[in-house]
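Asker: Sharing a structure below in structure tokens format, with a few things to ask.
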Amino acid sequence: MEMTQFFPVMIAGFAAAVGFTPITRRLAFYFGVLDQPSSRKVHQTPTPLLGGLAIYSALVLALVFFSPPFYLVEFGAIMAGVTWLAFVGFVDDRNGMQPWIKMSGQALAGIVLIAAGIHIRLFEIDILNYALTLVWIIGITNAMNFQDNMDGLAAGITAIASLFFFVIAVQEELSLVSSLAAALAGASVGFLIYNFNPASTFMGDMGSMVLGFTLAVLALKLDFKAPGERQFITWMVPLVVLGLPIFDTTLVVFTRLRERRSPMLGGKDHTSHRLVRLGLSQRAAVLLLYAVCVGLGLTAVALSKASTEDGVLIGFRLLVVAIGAFVYLEYIYVRRKRS
């Protein structure tokens, strides 16, 4: 399987996002779907909040018209989940929505995947696999929602992660994952042209939930033809590719629980905000986090080919670095709040 056969999907996603985003900006102004400035946000002026519609439309267009044929049940379930969460996100962007209602919507999308046979296969008891799949879908979807806290961050992280998913999927000859990752990368980069600092439009929850759900599906469908003793290592691959949103979500939830705040309420306590407090500009903080994502992606590619012993060593080193970064960023956050 050659990478080049999926380039039309990627190019279509990119071109569609570039073309659709200016249209969604005008629609956002016309219908008043704007993100208003507040004390917990970094932007200073009302900003269009329908970029997610451009991402969703570009993703679906690229997959429906430019992808090779797939197993219809799985593809239909993925498209149904993406469409449903795009709708849920639009309602949230337009009218607001309680966190538990959004999470219920995400769970429903996960149930559709499970019904189509897309789920984790770690335990012998199916109900445990189904439960863990729902936790994964809800967790990664909300983790990407958390990343939409600074210009270009969520779209850039998604573009980098999906590109590495694409490379690994092509190596493993997984056509559905390759097409889905190619379309997602193209749509993310196309939208990023308008969303990078200073952003002229935001993706909103409609965009971040589409991105998060699709990345979660890519991880679920990343199937390695590996012997039993290497399965522990291959399970680490998607976790490493999505290491930054997982790290940031863990950090933010820990901080908010420690401060006896709801983890679902927004705030300037994300990794990106903490880097800005250390003296970086918003653009520099986002670029640094892009570099972290690239490093994690390269590590994931290495893990996909590593022996069991090398994989364990790589995983241990990553864990040590993550714990060190966690402790340092939390220490700096506490010290700055006390000063």
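Please note that chains go A, B, ... in the order of the structure tokens, that every chain numbers its residues from 1, and that ligands are numbered from 1 in the order shown.
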Residues of region 153-325 of chain A classed as helix (DSSP H, G or I) by DSSP on the backbone are to be reported as a PyMOL selection string.
Answerer: chain A and resi 153-171+175-195+204-221+228-241+243-258+271-277+282-305+308-325
Asker: Atoms to include: C-alpha atoms. Write the selected residues as a short mmCIF file (atom, residue, chain, number, x, y, z; two decimals), in the first residue's frame.
Answerer:
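Result file is out.cif:
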```
data_model
loop_
_atom_site.label_atom_id
_atom_site.label_comp_id
_atom_site.auth_asym_id
_atom_site.auth_seq_id
_atom_site.Cartn_x
_atom_site.Cartn_y
_atom_site.Cartn_z
CA LEU A 153 -3.47 24.71 19.26
CA ALA A 154 -6.22 22.12 18.78
CA ALA A 155 -6.05 22.21 14.97
CA GLY A 156 -2.25 21.96 14.97
CA ILE A 157 -2.15 19.09 17.47
CA THR A 158 -4.76 17.25 15.42
CA ALA A 159 -2.86 17.81 12.17
CA ILE A 160 0.38 16.46 13.64
CA ALA A 161 -1.23 13.51 15.41
CA SER A 162 -3.27 12.49 12.36
CA LEU A 163 -0.19 12.69 10.13
CA PHE A 164 1.63 10.26 12.39
CA PHE A 165 -1.43 8.01 12.54
CA PHE A 166 -1.40 8.14 8.73
CA VAL A 167 2.27 7.12 8.48
CA ILE A 168 1.82 4.21 10.90
CA ALA A 169 -1.43 3.08 9.26
CA VAL A 170 0.18 2.99 5.81
CA GLN A 171 3.03 0.91 7.22
CA SER A 175 -6.72 1.51 4.43
CA LEU A 176 -9.62 2.88 6.50
CA VAL A 177 -7.30 4.38 9.11
CA SER A 178 -5.04 5.78 6.38
CA SER A 179 -7.92 7.52 4.60
CA LEU A 180 -9.48 8.82 7.81
CA ALA A 181 -6.13 10.16 9.03
CA ALA A 182 -5.33 11.73 5.64
CA ALA A 183 -8.70 13.49 5.48
CA LEU A 184 -8.41 14.70 9.08
CA ALA A 185 -4.87 16.01 8.53
CA GLY A 186 -5.89 17.87 5.37
CA ALA A 187 -8.98 19.43 6.97
CA SER A 188 -7.03 20.46 10.10
CA VAL A 189 -4.22 22.13 8.15
CA GLY A 190 -6.70 23.89 5.87
CA PHE A 191 -8.56 25.30 8.87
CA LEU A 192 -5.28 26.16 10.62
CA ILE A 193 -4.55 28.78 7.94
CA TYR A 194 -7.35 30.88 9.46
CA ASN A 195 -6.98 29.72 13.05
CA GLY A 204 -15.88 25.89 18.72
CA ASP A 205 -17.09 22.70 20.40
CA MET A 206 -18.45 21.58 17.04
CA GLY A 207 -14.90 21.42 15.70
CA SER A 208 -13.10 20.16 18.78
CA MET A 209 -15.56 17.31 19.31
CA VAL A 210 -15.30 16.24 15.67
CA LEU A 211 -11.50 16.30 15.93
CA GLY A 212 -11.40 14.47 19.27
CA PHE A 213 -13.85 11.78 18.24
CA THR A 214 -12.04 11.13 14.97
CA LEU A 215 -8.66 10.88 16.70
CA ALA A 216 -10.16 8.46 19.23
CA VAL A 217 -11.48 6.32 16.36
CA LEU A 218 -8.08 6.35 14.64
CA ALA A 219 -6.51 5.02 17.82
CA LEU A 220 -9.14 2.29 18.17
CA LYS A 221 -8.70 1.17 14.57
CA GLY A 228 1.31 -11.57 21.73
CA GLU A 229 4.43 -10.43 23.61
CA ARG A 230 4.56 -7.16 21.63
CA GLN A 231 0.91 -6.23 22.10
CA PHE A 232 1.73 -4.30 25.26
CA ILE A 233 4.12 -2.15 23.22
CA THR A 234 1.71 -1.60 20.33
CA TRP A 235 -1.00 -0.52 22.75
CA MET A 236 1.33 2.29 23.80
CA VAL A 237 1.54 3.72 20.26
CA PRO A 238 -1.78 5.64 20.13
CA LEU A 239 -1.29 6.76 23.74
CA VAL A 240 2.04 8.31 22.77
CA VAL A 241 0.69 9.93 19.59
CA GLY A 243 0.33 12.10 24.64
CA LEU A 244 0.02 15.89 24.80
CA PRO A 245 -3.79 16.14 25.10
CA ILE A 246 -3.75 13.24 27.58
CA PHE A 247 -1.02 14.97 29.62
CA ASP A 248 -2.74 18.35 29.55
CA THR A 249 -6.12 16.92 30.53
CA THR A 250 -4.57 15.02 33.44
CA LEU A 251 -2.74 18.16 34.59
CA VAL A 252 -5.81 20.39 34.38
CA VAL A 253 -8.15 17.92 36.09
CA PHE A 254 -5.61 17.40 38.90
CA THR A 255 -5.24 21.15 39.43
CA ARG A 256 -8.97 21.84 39.43
CA LEU A 257 -9.77 18.98 41.79
CA ARG A 258 -6.96 20.09 44.09
CA THR A 271 -0.22 23.67 29.67
CA SER A 272 -0.28 26.42 27.03
CA HIS A 273 -1.32 29.04 29.60
CA ARG A 274 1.42 27.95 31.98
CA LEU A 275 4.03 28.30 29.23
CA VAL A 276 2.82 31.84 28.58
CA ARG A 277 3.19 32.60 32.30
CA GLN A 282 1.07 32.71 22.75
CA ARG A 283 2.51 31.88 19.34
CA ALA A 284 5.79 30.59 20.85
CA ALA A 285 3.90 28.45 23.38
CA VAL A 286 1.81 26.87 20.63
CA LEU A 287 4.87 26.24 18.44
CA LEU A 288 6.66 24.60 21.38
CA LEU A 289 3.69 22.31 21.93
CA TYR A 290 3.70 21.48 18.20
CA ALA A 291 7.34 20.43 18.62
CA VAL A 292 6.38 18.24 21.58
CA CYS A 293 3.70 16.57 19.44
CA VAL A 294 6.22 15.92 16.66
CA GLY A 295 8.63 14.39 19.17
CA LEU A 296 5.90 12.16 20.54
CA GLY A 297 4.86 11.16 17.02
CA LEU A 298 8.42 10.17 16.11
CA THR A 299 8.63 8.19 19.34
CA ALA A 300 5.38 6.41 18.47
CA VAL A 301 6.75 5.44 15.05
CA ALA A 302 9.85 4.04 16.76
CA LEU A 303 7.65 2.16 19.23
CA SER A 304 5.65 0.60 16.39
CA LYS A 305 8.85 -1.10 15.21
CA THR A 308 9.49 -5.60 23.56
CA GLU A 309 12.58 -4.72 25.60
CA ASP A 310 13.28 -1.50 23.69
CA GLY A 311 9.62 -0.53 23.83
CA VAL A 312 9.48 -0.90 27.61
CA LEU A 313 12.60 1.24 27.94
CA ILE A 314 11.16 3.94 25.67
CA GLY A 315 7.89 3.89 27.61
CA PHE A 316 9.69 4.18 30.96
CA ARG A 317 11.73 7.17 29.77
CA LEU A 318 8.61 8.91 28.47
CA LEU A 319 6.86 8.33 31.78
CA VAL A 320 9.77 9.85 33.72
CA VAL A 321 9.80 12.93 31.47
CA ALA A 322 6.01 13.30 31.73
CA ILE A 323 6.08 13.08 35.53
CA GLY A 324 8.90 15.63 35.67
CA ALA A 325 7.04 18.05 33.41
#
```
Asker: Kindly indicate which residue among A:Ile118, A:Val64, A:Leu85, A:Met203 lies nearest to Leu34 (chain A), using only C-alpha atoms for the distances.
Answerer: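 Among A:Ile118, A:Val64, A:Leu85, A:Met203, it is A:Met203 that comes nearest to Leu34 (chain A).
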Asker: What is the CA of Met1 (chain A) to CA of Ala62 (chain A) distance in Å?
Answerer: 19.2 Å
Asker: Can you measure CA of Asn145 (chain A) to CA of Tyr331 (chain A) for me? One decimal in Å is fine.
Answerer: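 Calculated distance between CA of Asn145 (chain A) and CA of Tyr331 (chain A) is 24.5 Å.
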Asker: A:Pro46, A:Gly105, A:Pro68, A:Pro99: which is nearest Leu174 (chain A), counting only C-alpha atoms?
Answerer: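 Ranked by minimum distance to Leu174 (chain A), first place goes to A:Pro68.
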Asker: Using CA of Thr83 (chain A) and CA of Tyr56 (chain A) as the two end points, give the distance in Å to one decimal.
Answerer: 7.8 Å
Asker: A:Trp136, A:Phe202, A:Phe6, A:Tyr71: which is nearest Gly51 (chain A), counting only C-alpha atoms?
Answerer: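 The closest residue to Gly51 (chain A) is A:Phe202.
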Asker: Which is closest to Arg26 (chain A) among A:Met144, A:Ser200, A:Met79, A:Val334, if we use only C-alpha atoms?
Answerer: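 Counting only C-alpha atoms, the residue closest to Arg26 (chain A) is A:Ser200.
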